[in-house]
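Asker: My structure is below; once you've seen it, I'll send some questions.
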Amino acid sequence: MMKRIVVALGGNAILTDDPTAAGQAKALEKTAQQLVKFVQAGYQLVVTHGNGPQVGNLLLQQEAGSSNKNPAMPLDTVGSMTQGEIGLWLSNALNKELNQLGLTDKRVATIMTRTEVDPADPAFSNPTKPIGPFYNHAEAEQIKAANPTWTLAEDAGRGYRRVVASPKPINILESQEIEKLVDDNTILIAGGGGGVPVIQKDGVYIGSEAVIDKDFTSEKIAELIQADQLIILTAVDNIAINFGQATEKKLTTVTVAEMQQYVQENQFAKGSMLPKVIAAMDFVNATGKEAVVTGLDNIEALMAEHAGTHIVA
Ligand SMILES: Nc1ncnc2c1ncn2[C@@H]1O[C@H](COP(=O)(O)OP(=O)(O)O)[C@@H](O)[C@H]1O
Ligand SMILES: NC(=O)OP(=O)(O)O
């Protein structure tokens with residue numbers, strides 16, 4: 001049986017200083033060059049990705065161009081648009097790289113994914129997910145005055161960003177389709193931006209105004225499609241304790257119990273490393289299999305030398 005993996009891409013894999021479509025597409029070519037290493041190793045591959053900057057930027061464009069005849073689309077719809085744009089750039093980039101390697105029989109597809117959330121999730125009344133650009137203090141004050149319904153919060157000590165609700169995924173509506181396609185050896189891009197959050201109301205699904213954390217959605221997809229491994233790629237090669245301090249120690253293989261202890265010690269920053277750690281622990285607890293957190297450029301070392309941080313039962 002081929003090894004099946006779900007690989008979550010962080011901001012460093014999809015973000016670039018060049019905001020044009022060509023610039024963003026180019027950035028994804030570098031990412032594709034790394035991802036195909038999994039394909040060359042014979043793995044079945046599902047790629048998930050974030051959308052925080054993209055969904056916020058697109059929402060601003062929608063609102064700036066809104067009129068009665070052509071109104072701005074709501075957050076759920078804009079979220080689906082970001083799955084489309086990033087899926088397009090990454091599909092093209094993967095096809096380009098696969099062609100260059102002579103792997104022309106490999107299929108690539110992007111699946112618009114809906115993630116079911118609980119309408120009673122307390123996250124709906126406590127917005128925490130940063131989206132779109134950073135603002136300085138003065139800009140943030142102006143924006144708050146102009147948009148009284150928005151919530152702004154400090155993010156990563158780099159300024160202020162709009163924050164929206166971020167409920168937890170409870171189900172992935174397209175998980176069976178993802179599993180069938182990946183079984184058929186299609187390289188799949190799915191669960192983009194955490195999936196479009198939907199709730200059930202009167203027997204039908206409707207979109208909700210939120211952005212789900214892609215690490216939690218990646219975990220849910222990995223669990224539902226019976227992946228052998230969840231791999232979360234980010235800007236660092238290892239999770240660390242005492243991160244950024246002289247006593248920093250990179251973690252290599254850690255049990256869930258040890259990780260839980262570190263969580264209690266507040267070793268992992270909320271909104272950045274903590275969701276990855278929780279998603280990794282959830283996957284290991286649910287499946288007994290392992291999760292890995294490492295850097296995008298560390299894929300070869302991960303496969304050859306077991307590099308990265310491995311969370312195990
Ligand atoms: N304990 C920790 N160990 C390693 N990195 C940490 C830790 N705490 C916070 N971080 C930061 O978290 C970042 C990853 O989070 P983030 O940039 O939000 O992820 P994403 O790759 O999903 O965009 C790392 O680049 C690092 O700067
Ligand atoms: N949806 C999501 O988690 O996006 P980021 O990873 O870009 O914050």
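If you're wondering about the labels, chains in the structure tokens are A, B, ... by order shown, residues count from 1 in each chain, ligands from 1 in order shown.
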Find the spatial neighbours of Ile299 (chain A), counting only C-alpha atoms, within a cut-off of 10 Å - ignore same-chain residues fewer than 3 positions away - and output them as a list in words.

Answerer: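 What passes the distance filter is Gln34, Leu35, Val36, Lys37, Phe38, Ile231, Leu233, Asp237, Thr294, Gly295, Leu296, Leu302, Met303, Ala304, Glu305, His306, Ala307 and Gly308 of chain A.
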
Asker: Please extract the residues at most 10 Å from ligand 2, counting only C-alpha atoms and all ligand atoms, and provide them as an NGL selection string, using the chain letters and residue numbers of this document.

Answerer: :A and (8-12 or 14-15 or 48-56 or 79 or 82 or 129-132 or 166 or 191-196 or 210-218 or 234 or 271-272 or 275)

Asker: Keeping only N, CA and C atoms, take the residues you just selected and write them out as a short mmCIF file (atom, residue, chain, number, x, y, z; two decimals), in the first residue's frame.

Answerer:
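Final output, selection.cif:
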data_model
loop_
_atom_site.label_atom_id
_atom_site.label_comp_id
_atom_site.auth_asym_id
_atom_site.auth_seq_id
_atom_site.Cartn_x
_atom_site.Cartn_y
_atom_site.Cartn_z
N ALA A 8 0.13 20.19 5.18
CA ALA A 8 -0.45 21.53 5.37
C ALA A 8 0.61 22.59 5.09
N LEU A 9 0.28 23.53 4.21
CA LEU A 9 1.23 24.60 3.86
C LEU A 9 0.94 25.85 4.66
N GLY A 10 1.98 26.42 5.28
CA GLY A 10 1.84 27.67 6.02
C GLY A 10 2.08 28.87 5.13
N GLY A 11 1.98 30.05 5.74
CA GLY A 11 2.10 31.30 5.00
C GLY A 11 3.39 31.41 4.20
N ASN A 12 4.51 30.90 4.76
CA ASN A 12 5.80 31.06 4.06
C ASN A 12 5.81 30.32 2.72
N ILE A 14 3.17 30.14 0.65
CA ILE A 14 2.27 30.71 -0.35
C ILE A 14 2.31 32.24 -0.42
N LEU A 15 3.02 32.87 0.50
CA LEU A 15 3.04 34.33 0.52
C LEU A 15 4.28 34.88 -0.17
N THR A 48 -3.04 20.84 1.82
CA THR A 48 -3.96 21.85 2.34
C THR A 48 -3.17 23.15 2.51
N HIS A 49 -3.86 24.25 2.66
CA HIS A 49 -3.12 25.52 2.79
C HIS A 49 -3.94 26.56 3.55
N GLY A 50 -3.25 27.58 4.05
CA GLY A 50 -3.91 28.68 4.73
C GLY A 50 -4.45 29.71 3.73
N ASN A 51 -5.11 30.74 4.26
CA ASN A 51 -5.62 31.81 3.38
C ASN A 51 -5.81 33.12 4.14
N GLY A 52 -5.25 33.22 5.36
CA GLY A 52 -5.52 34.41 6.19
C GLY A 52 -5.27 35.73 5.47
N PRO A 53 -4.05 35.95 4.95
CA PRO A 53 -3.80 37.21 4.24
C PRO A 53 -4.70 37.36 3.01
N GLN A 54 -4.82 36.26 2.24
CA GLN A 54 -5.55 36.33 0.97
C GLN A 54 -7.04 36.61 1.18
N VAL A 55 -7.66 35.94 2.16
CA VAL A 55 -9.11 36.13 2.32
C VAL A 55 -9.42 37.54 2.81
N GLY A 56 -8.54 38.08 3.67
CA GLY A 56 -8.74 39.45 4.15
C GLY A 56 -8.55 40.46 3.04
N GLY A 79 -14.05 33.12 0.98
CA GLY A 79 -13.18 32.00 1.36
C GLY A 79 -13.09 30.98 0.23
N THR A 82 -10.76 32.12 -2.44
CA THR A 82 -9.32 31.93 -2.15
C THR A 82 -8.91 30.48 -2.37
N LYS A 129 -9.28 35.01 14.64
CA LYS A 129 -8.45 34.65 13.48
C LYS A 129 -8.06 35.90 12.69
N PRO A 130 -6.76 36.23 12.63
CA PRO A 130 -6.35 37.44 11.89
C PRO A 130 -6.41 37.19 10.38
N ILE A 131 -6.95 38.17 9.67
CA ILE A 131 -7.01 38.08 8.21
C ILE A 131 -6.54 39.41 7.60
N GLY A 132 -6.11 39.35 6.35
CA GLY A 132 -5.75 40.57 5.61
C GLY A 132 -4.48 41.23 6.11
N SER A 166 -13.35 31.90 14.39
CA SER A 166 -12.63 30.73 13.87
C SER A 166 -13.09 29.46 14.60
N GLY A 191 -9.30 21.47 1.26
CA GLY A 191 -9.36 22.10 2.58
C GLY A 191 -8.66 23.45 2.65
N GLY A 192 -8.55 24.11 1.49
CA GLY A 192 -7.84 25.40 1.45
C GLY A 192 -8.48 26.41 2.39
N GLY A 193 -7.62 27.15 3.09
CA GLY A 193 -8.13 28.16 4.02
C GLY A 193 -8.94 27.55 5.15
N GLY A 194 -8.67 26.27 5.42
CA GLY A 194 -9.44 25.58 6.47
C GLY A 194 -10.78 25.07 5.98
N GLY A 195 -11.04 25.25 4.67
CA GLY A 195 -12.36 24.88 4.12
C GLY A 195 -13.35 26.01 4.38
N VAL A 196 -14.40 26.04 3.56
CA VAL A 196 -15.43 27.07 3.77
C VAL A 196 -16.32 26.62 4.93
N ALA A 210 -16.88 33.14 8.91
CA ALA A 210 -15.76 32.73 9.75
C ALA A 210 -14.63 32.25 8.86
N VAL A 211 -13.45 32.08 9.46
CA VAL A 211 -12.30 31.48 8.76
C VAL A 211 -11.72 30.43 9.70
N ILE A 212 -11.71 29.19 9.23
CA ILE A 212 -11.25 28.07 10.09
C ILE A 212 -9.73 27.96 10.01
N ASP A 213 -9.12 27.58 11.11
CA ASP A 213 -7.67 27.38 11.14
C ASP A 213 -7.32 26.18 10.27
N LYS A 214 -6.43 26.39 9.32
CA LYS A 214 -6.12 25.30 8.37
C LYS A 214 -5.42 24.11 9.05
N ASP A 215 -4.76 24.34 10.17
CA ASP A 215 -4.11 23.21 10.85
C ASP A 215 -5.16 22.24 11.41
N PHE A 216 -6.26 22.79 11.96
CA PHE A 216 -7.31 21.92 12.50
C PHE A 216 -8.04 21.19 11.38
N THR A 217 -8.28 21.89 10.27
CA THR A 217 -8.95 21.25 9.13
C THR A 217 -8.06 20.16 8.52
N SER A 218 -6.77 20.44 8.44
CA SER A 218 -5.83 19.45 7.89
C SER A 218 -5.88 18.19 8.73
N THR A 234 5.97 24.63 7.91
CA THR A 234 5.92 26.03 8.34
C THR A 234 7.29 26.66 8.15
N GLY A 271 -2.09 31.17 18.21
CA GLY A 271 -2.30 31.73 16.87
C GLY A 271 -1.16 31.44 15.92
N SER A 272 -0.04 30.86 16.40
CA SER A 272 1.01 30.47 15.45
C SER A 272 1.39 29.00 15.68
N PRO A 275 -1.75 26.15 17.51
CA PRO A 275 -2.71 25.34 16.73
C PRO A 275 -2.06 24.15 16.02
#

Asker: Per DSSP on the backbone, filter region 223-304 of chain A down to the residues in strand (DSSP E) and report them as number ranges by chain.

Answerer: A: 229-234, 240-241, 249-250, 253-255, 290-295

Asker: What separation in Å, quoted to one decimal, exists between CA of Arg107 (chain A) and CA of Glu174 (chain A)?

Answerer: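 Atom-to-atom, CA of Arg107 (chain A) to CA of Glu174 (chain A), that is 18.4 Å.
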
Asker: Please provide as a list in words all residues within 7 Å of region 134-147 of chain A, with the sequence filter that same-chain residues fewer than 2 positions apart are discarded (counting only C-alpha atoms).

Answerer: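 In the requested format, the answer is Gly132, Thr149, Trp150, Gly159, Tyr160 and Arg161 of chain A.
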
Asker: From a DSSP calculation on the backbone, collect every residue of region 64-141 of chain A in alpha helix (DSSP H) and output the set as a compact mmCIF listing (two decimals) with C-alpha atoms, in the first residue's frame.

Answerer:
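Output file selection12.txt follows:
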# COMPACT_ATOMS: atom_id res chain seq x y z
CA ALA A 64 -14.15 48.66 -1.99
CA LEU A 75 -16.86 35.92 3.96
CA ASP A 76 -17.82 32.28 3.21
CA THR A 77 -18.02 33.00 -0.53
CA VAL A 78 -14.77 34.96 -0.45
CA GLY A 79 -13.18 32.00 1.36
CA SER A 80 -14.21 29.72 -1.52
CA MET A 81 -12.66 32.22 -3.96
CA THR A 82 -9.32 31.93 -2.15
CA GLN A 83 -9.49 28.14 -2.47
CA GLY A 84 -9.93 28.72 -6.21
CA GLU A 85 -7.10 31.21 -6.67
CA ILE A 86 -4.52 29.37 -4.58
CA GLY A 87 -5.69 26.06 -6.04
CA LEU A 88 -5.19 27.43 -9.55
CA TRP A 89 -1.66 28.71 -8.88
CA LEU A 90 -0.60 25.56 -7.04
CA SER A 91 -2.17 23.18 -9.61
CA ASN A 92 -0.35 24.93 -12.44
CA ALA A 93 2.89 24.95 -10.46
CA LEU A 94 2.61 21.24 -9.63
CA ASN A 95 1.83 20.33 -13.25
CA LYS A 96 4.83 22.36 -14.41
CA GLU A 97 7.18 20.63 -11.99
CA LEU A 98 5.74 17.16 -12.69
CA ASN A 99 6.18 17.74 -16.44
CA GLN A 100 9.78 18.82 -15.95
CA HIS A 137 -2.01 51.98 15.61
CA ALA A 138 -3.26 55.15 13.88
CA GLU A 139 -4.57 53.21 10.86
CA ALA A 140 -6.27 50.71 13.16
CA GLU A 141 -8.08 53.53 14.99

Asker: Looking at A:Ile206, A:Ala120, A:Ala41, A:Ala13, which one is nearest to ligand 1, with distances taken over only C-alpha atoms and all ligand atoms?

Answerer: A:Ala13

Asker: A:Asn242, A:Thr247, A:Asn285, A:Asn298: which is nearest ligand 1, counting only C-alpha atoms and all ligand atoms?

Answerer: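 Checking each candidate against ligand 1, we get A:Asn242 as the closest.
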
Asker: Could you pull the residues within 8 Å of Leu173 (chain A), counting only C-alpha atoms, minus those fewer than 2 positions along the same chain, as a list in words?

Answerer: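 The contact residues come out as Thr113, Arg114, Thr115, Glu116, Asn171, Ser175 and Gln176 of chain A.
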
Asker: Could the residues in this selection be written to a file with N, CA and C atoms, as a short mmCIF file (atom, residue, chain, number, x, y, z; two decimals), in the first residue's frame?

Answerer:
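The file below, selection_19.cif, is the result:
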data_model
loop_
_atom_site.label_atom_id
_atom_site.label_comp_id
_atom_site.auth_asym_id
_atom_site.auth_seq_id
_atom_site.Cartn_x
_atom_site.Cartn_y
_atom_site.Cartn_z
N THR A 113 -13.71 22.74 -0.83
CA THR A 113 -14.02 21.93 0.36
C THR A 113 -14.85 22.74 1.35
N ARG A 114 -15.92 22.11 1.84
CA ARG A 114 -16.73 22.73 2.90
C ARG A 114 -16.47 22.01 4.21
N THR A 115 -16.28 22.80 5.25
CA THR A 115 -15.99 22.26 6.58
C THR A 115 -17.17 22.58 7.48
N GLU A 116 -17.79 21.53 8.01
CA GLU A 116 -18.94 21.77 8.89
C GLU A 116 -18.46 22.21 10.27
N ASN A 171 -16.66 18.31 10.74
CA ASN A 171 -16.74 17.34 9.64
C ASN A 171 -16.29 18.01 8.34
N SER A 175 -14.98 14.78 2.28
CA SER A 175 -13.89 13.85 2.64
C SER A 175 -13.91 12.57 1.81
N GLN A 176 -15.11 12.07 1.49
CA GLN A 176 -15.15 10.81 0.71
C GLN A 176 -14.63 11.02 -0.71
#
